[in-house]
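Structure below is coords35.txt: compact mmCIF, C-alpha atoms.
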```txt
# COMPACT_ATOMS: atom_id res chain seq x y z
CA MET R 1 -3.74 -8.55 17.87
CA ASN R 2 -4.59 -4.96 16.91
CA TYR R 3 -7.35 -4.78 14.30
CA ARG R 4 -7.66 -1.72 12.04
CA TYR R 5 -10.36 -0.41 9.76
CA GLU R 6 -9.82 -1.17 6.09
CA ILE R 7 -12.21 0.45 3.63
CA LYS R 8 -11.86 -0.23 -0.10
CA TYR R 9 -13.07 1.76 -3.07
CA MET R 10 -12.91 1.62 -6.85
CA ILE R 11 -11.56 4.83 -8.37
CA HIS R 12 -10.91 6.03 -11.92
CA ASP R 13 -7.32 6.85 -12.94
CA VAL R 14 -8.14 10.54 -13.44
CA ASP R 15 -9.72 10.86 -10.00
CA ALA R 16 -6.87 8.86 -8.44
CA LEU R 17 -4.31 11.30 -9.83
CA ALA R 18 -6.29 14.30 -8.57
CA LEU R 19 -6.61 12.74 -5.12
CA GLN R 20 -2.91 11.89 -4.95
CA LYS R 21 -2.00 15.49 -5.74
CA GLN R 22 -4.05 16.66 -2.78
CA LEU R 23 -2.66 14.03 -0.42
CA GLU R 24 0.93 14.88 -1.37
CA ALA R 25 0.49 18.29 0.27
CA PHE R 26 0.63 16.97 3.83
CA LEU R 27 1.03 13.18 3.85
CA LYS R 28 4.28 11.26 3.57
CA THR R 29 4.92 8.72 0.82
CA ASP R 30 5.57 5.10 1.74
CA GLN R 31 9.13 4.00 2.56
CA HIS R 32 9.15 1.45 -0.28
CA SER R 33 8.42 4.06 -2.95
CA LYS R 34 10.84 4.58 -5.82
CA ASP R 35 9.86 7.39 -8.16
CA GLY R 36 6.50 7.56 -6.45
CA SER R 37 5.38 3.94 -6.72
CA TYR R 38 6.57 0.37 -6.35
CA LEU R 39 5.70 -3.10 -7.62
CA ILE R 40 4.27 -5.65 -5.20
CA THR R 41 4.46 -9.36 -5.99
CA SER R 42 2.59 -11.77 -3.73
CA LEU R 43 2.13 -15.53 -3.80
CA TYR R 44 -1.04 -16.58 -1.99
CA PHE R 45 -1.53 -20.02 -0.48
CA ASP R 46 -4.77 -21.96 -0.21
CA THR R 47 -5.98 -25.46 0.57
CA LEU R 48 -6.57 -28.12 -2.06
CA ASP R 49 -10.29 -27.30 -1.99
CA SER R 50 -9.70 -23.52 -2.12
CA GLU R 51 -10.94 -22.81 1.39
CA ALA R 52 -9.59 -19.24 1.57
CA TYR R 53 -11.12 -18.36 -1.80
CA TYR R 54 -14.58 -19.70 -0.95
CA GLU R 55 -14.56 -18.11 2.50
CA LYS R 56 -14.10 -14.75 0.79
CA MET R 57 -16.78 -15.46 -1.81
CA ASP R 58 -19.22 -16.67 0.88
CA GLY R 59 -18.61 -13.60 3.03
CA VAL R 60 -17.34 -15.48 6.09
CA LEU R 61 -17.04 -12.85 8.84
CA TYR R 62 -13.70 -14.03 10.21
CA ARG R 63 -11.17 -15.35 7.75
CA SER R 64 -7.44 -15.33 7.12
CA LYS R 65 -4.95 -15.97 4.34
CA TYR R 66 -1.22 -16.49 4.02
CA ARG R 67 1.11 -15.02 1.42
CA ILE R 68 4.78 -14.51 0.60
CA ARG R 69 5.55 -10.99 -0.65
CA TYR R 70 8.43 -8.90 -1.98
CA TYR R 71 8.79 -5.43 -3.49
CA ASP R 72 10.06 -4.51 -6.96
CA ASP R 73 12.76 -7.08 -7.78
CA ASN R 74 14.39 -7.09 -4.33
CA PHE R 75 14.75 -10.72 -3.23
CA ASP R 76 16.69 -9.60 -0.15
CA PHE R 77 13.50 -8.33 1.52
CA ILE R 78 10.87 -11.08 1.50
CA ARG R 79 8.09 -11.47 4.04
CA LEU R 80 5.71 -14.18 5.08
CA GLU R 81 2.41 -12.56 6.02
CA LYS R 82 -0.86 -13.65 7.56
CA LYS R 83 -3.76 -11.27 6.97
CA MET R 84 -6.85 -11.61 9.13
CA LYS R 85 -10.23 -10.09 8.32
CA HIS R 86 -13.26 -9.45 10.51
CA ASN R 87 -16.01 -7.38 8.89
CA ASN R 88 -14.34 -4.04 8.00
CA MET R 89 -11.44 -4.69 10.39
CA THR R 90 -8.13 -6.25 9.47
CA ALA R 91 -4.95 -7.27 11.24
CA LYS R 92 -1.66 -8.54 9.89
CA ARG R 93 1.24 -10.59 11.21
CA GLN R 94 4.47 -10.67 9.26
CA THR R 95 8.03 -11.90 9.48
CA LYS R 96 11.03 -11.55 7.22
CA ILE R 97 12.24 -14.75 5.55
CA THR R 98 15.02 -15.66 3.12
CA LYS R 99 14.51 -16.72 -0.46
CA GLU R 100 15.78 -20.16 0.51
CA ILE R 101 13.04 -20.53 3.14
CA ALA R 102 10.44 -19.19 0.71
CA ASP R 103 11.47 -21.81 -1.85
CA LEU R 104 11.15 -24.56 0.74
CA LEU R 105 7.68 -23.36 1.75
CA ILE R 106 6.59 -23.22 -1.89
CA ALA R 107 7.90 -26.74 -2.47
CA GLY R 108 6.29 -28.03 0.73
CA LYS R 109 9.66 -29.14 2.11
CA THR R 110 8.88 -27.99 5.64
CA ASP R 111 11.08 -30.62 7.31
CA GLU R 112 14.13 -28.78 6.01
CA ILE R 113 13.23 -25.49 7.72
CA GLN R 114 14.80 -24.74 11.08
CA SER R 115 13.33 -21.69 12.80
CA ASN R 116 11.74 -20.63 16.09
CA ASP R 117 9.75 -17.80 14.51
CA SER R 118 6.13 -18.15 15.69
CA LEU R 119 4.44 -17.12 12.43
CA LEU R 120 6.71 -19.32 10.34
CA GLN R 121 6.06 -22.27 12.65
CA GLU R 122 2.31 -21.62 12.46
CA PHE R 123 2.39 -21.59 8.67
CA ILE R 124 4.45 -24.77 8.56
CA SER R 125 1.79 -26.41 10.72
CA MET R 126 -0.93 -25.20 8.34
CA ILE R 127 0.97 -26.68 5.38
CA ARG R 128 1.20 -30.02 7.16
CA ILE R 129 -2.30 -30.15 8.66
CA LYS R 130 -4.45 -28.34 6.10
CA HIS R 131 -2.23 -28.98 3.08
CA PHE R 132 -1.75 -25.37 2.05
CA ILE R 133 -0.22 -25.09 -1.41
CA PRO R 134 0.69 -22.16 -3.71
CA SER R 135 -2.52 -20.82 -5.23
CA VAL R 136 -1.93 -17.70 -7.32
CA VAL R 137 0.55 -14.86 -7.87
CA VAL R 138 -0.78 -11.30 -7.79
CA LYS R 139 1.22 -8.34 -9.11
CA TYR R 140 0.35 -4.66 -8.98
CA HIS R 141 1.80 -1.18 -8.71
CA ARG R 142 1.17 0.77 -5.52
CA VAL R 143 1.28 4.42 -4.56
CA ALA R 144 1.03 4.83 -0.79
CA PHE R 145 0.67 7.65 1.73
CA THR R 146 0.92 7.63 5.52
CA TYR R 147 -0.32 9.95 8.25
CA PRO R 148 0.66 9.56 11.95
CA ILE R 149 -2.70 10.40 13.56
CA SER R 150 -4.69 7.17 13.85
CA ASP R 151 -1.87 5.54 11.84
CA VAL R 152 -3.61 6.29 8.54
CA ARG R 153 -2.39 4.52 5.41
CA ILE R 154 -3.89 5.27 1.99
CA THR R 155 -2.91 3.16 -1.02
CA PHE R 156 -3.69 3.22 -4.73
CA ASP R 157 -3.23 -0.12 -6.50
CA SER R 158 -3.16 -0.19 -10.31
CA LEU R 159 -2.19 -2.51 -13.17
CA ILE R 160 -3.32 -5.52 -11.13
CA HIS R 161 -2.27 -8.66 -13.00
CA SER R 162 -2.15 -12.39 -12.49
CA GLY R 163 -1.37 -15.25 -14.80
CA VAL R 164 -3.76 -18.19 -14.98
CA TYR R 165 -2.37 -20.94 -12.71
CA ASP R 166 0.65 -18.70 -12.11
CA THR R 167 2.62 -19.64 -8.99
CA ASP R 168 6.06 -18.47 -10.17
CA LEU R 169 6.83 -15.97 -7.42
CA TRP R 170 10.23 -14.98 -8.81
CA ASN R 171 9.13 -13.94 -12.30
CA ILE R 172 9.79 -10.18 -12.15
CA THR R 173 7.98 -9.33 -15.39
CA ASN R 174 4.57 -7.68 -15.14
CA GLY R 175 2.85 -10.08 -17.51
CA GLY R 176 -0.37 -11.95 -17.03
CA GLN R 177 -4.02 -11.06 -17.23
CA GLY R 178 -5.45 -7.81 -15.88
CA ILE R 179 -8.32 -8.22 -13.44
CA LEU R 180 -9.79 -4.69 -13.63
CA ASP R 181 -10.77 -2.24 -16.31
CA SER R 182 -7.53 -0.60 -17.42
CA HIS R 183 -8.72 2.80 -16.17
CA LEU R 184 -9.66 1.66 -12.67
CA GLN R 185 -7.65 1.39 -9.46
CA VAL R 186 -8.28 -0.01 -6.00
CA LEU R 187 -8.13 2.62 -3.25
CA GLU R 188 -7.64 1.33 0.30
CA VAL R 189 -8.00 3.50 3.41
CA LYS R 190 -6.68 1.98 6.62
CA TYR R 191 -6.74 3.56 10.07
CA ASN R 192 -7.04 2.73 13.77
CA GLU R 193 -9.92 4.31 15.67
CA VAL R 194 -11.18 7.32 13.70
CA LEU R 195 -10.32 8.69 10.27
CA PRO R 196 -9.13 12.31 10.72
CA THR R 197 -11.69 14.79 9.38
CA SER R 198 -9.06 16.53 7.25
CA ILE R 199 -8.39 13.32 5.32
CA ALA R 200 -12.07 12.41 5.13
CA GLY R 201 -12.66 15.84 3.61
CA ILE R 202 -10.05 15.27 0.91
CA LEU R 203 -11.48 11.85 0.06
CA SER R 204 -14.91 13.40 -0.39
CA THR R 205 -13.67 15.63 -3.23
CA VAL R 206 -13.53 12.82 -5.82
CA PRO R 207 -16.06 10.16 -6.92
CA LEU R 208 -15.51 6.88 -5.07
CA ARG R 209 -17.38 3.59 -5.26
CA ARG R 210 -17.07 1.51 -2.12
CA GLU R 211 -16.50 -2.15 -2.95
CA ALA R 212 -15.13 -5.08 -0.98
CA VAL R 213 -12.72 -5.99 -3.76
CA SER R 214 -10.17 -8.72 -3.07
CA LYS R 215 -7.18 -8.89 -5.39
CA PHE R 216 -6.53 -12.47 -4.27
CA ALA R 217 -10.10 -13.62 -4.90
CA ARG R 218 -10.35 -11.92 -8.29
CA CYS R 219 -7.09 -13.47 -9.45
CA ALA R 220 -7.85 -16.90 -7.98
CA GLY R 221 -11.28 -16.78 -9.61
CA ARG R 222 -9.62 -16.61 -13.04
CA LYS R 223 -8.24 -20.13 -12.61
```

Show this structure as structure tokens.
Amino acid sequence: MNYRYEIKYMIHDVDALALQKQLEAFLKTDQHSKDGSYLITSLYFDTLDSEAYYEKMDGVLYRSKYRIRYYDDNFDFIRLEKKMKHNNMTAKRQTKITKEIADLLIAGKTDEIQSNDSLLQEFISMIRIKHFIPSVVVKYHRVAFTYPISDVRITFDSLIHSGVYDTDLWNITNGGQGILDSHLQVLEVKYNEVLPTSIAGILSTVPLRREAVSKFARCAGRK
């Protein structure tokens, strides 16, 4: 498993726009982008006693969480993901699944799923052994840039919303309760070994506040 650095910041809308203009000069936009941004909808799973949530809140050094995710309103491209965290390092496993399999996972009907996919089988085991259930839906808009050296990925997440006790993954509206000040965004900088100095220089041109913000934990904490 290849772990990467993941550094998070809070950034004001005005500064985010200025930074994006600079990054557009020599970074590519993400493949999912339509008109510059795209909507991400994720359903996170947790145990009955909210183990994943409390591990985040307690600052457990190594932790993981599972989610089902799709982009915009495209139900033909759905992924099951496992995100692992260790200090400032993260790793992710993912596999494409159908809406039918997603519905079975959400309903806990794992006996009806036939697949040899290793991640899917692992998650099925977690549902059976640790009783993972749908926890919360998180929706937000993302602007993303990529850079080949050190596999840099820079994302701006805004309009982060979640409904209280909302586990309806297929509701494509952007309703629910906002979890941040309306003028703030979450900036994430991900890279392998070293952040290129050219990109570090651009990031230094705007005010940033480093913060280990978790969209999952903030939305789950509203329950």

(message) Neighbouring residues of Pro148 of chain R were defined as those with any atom within 10 Å, considering all atoms listed in the file; residues of the same chain fewer than 6 positions away were excluded. Please report them as a ChimeraX atom specification.
(response) /R:27-28,191

(message) At a cut-off of 12 Å, using all atoms listed in the file, what residues contact segment 47-60 of chain R? Leave out same-chain residues fewer than 5 positions from it and give the result as a PyMOL selection string.
(response) chain R and resi 65-67+82-88+126-136+212-223

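Every polymer residue reaching to within 8 Å of (-2.9, 0.0, 0.0), counting only C-alpha atoms, appears in this list: Arg142, Val143, Ala144, Arg153, Ile154, Thr155, Phe156, Asp157, Leu187, Glu188, Val189 and Lys190 of chain R.
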
(message) Ranking R:Leu169, R:Val14, R:Ala91, R:Ile199 by minimum distance to Asp72 of chain R and counting only C-alpha atoms, which one comes first?
(response)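 Among the listed residues, R:Leu169 lies closest to Asp72 of chain R.
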
(message) To one decimal place in Å, what is the distance between atom CA of Asp46 of chain R and atom CA of Glu211 of chain R?
(response) 23.2 Å

(request) Find the distance between atom CA of Asp111 of chain R and atom CA of Tyr71 of chain R and write it in Å to one decimal. (result)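 Computing it gives 27.5 Å between the two atoms.
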
(message) Counting only C-alpha atoms, which residues have an atom no more than 8 Å from (13.6, -23.3, 4.7) in the file's coordinates? Please list them as a ChimeraX atom specification.
(response) /R:98,100-105,109-110,112-114

(request) Would you mind telling me which residue in R:Leu39, R:Val186, R:Met10, R:Ile149 lies nearest to Ser198 of chain R when using all atoms listed in the file? (result) R:Ile149

(request) One decimal, Å: what's the distance from atom CA of Lys96 of chain R over to atom CA of Asp30 of chain R, could you say? (result) 18.4 Å
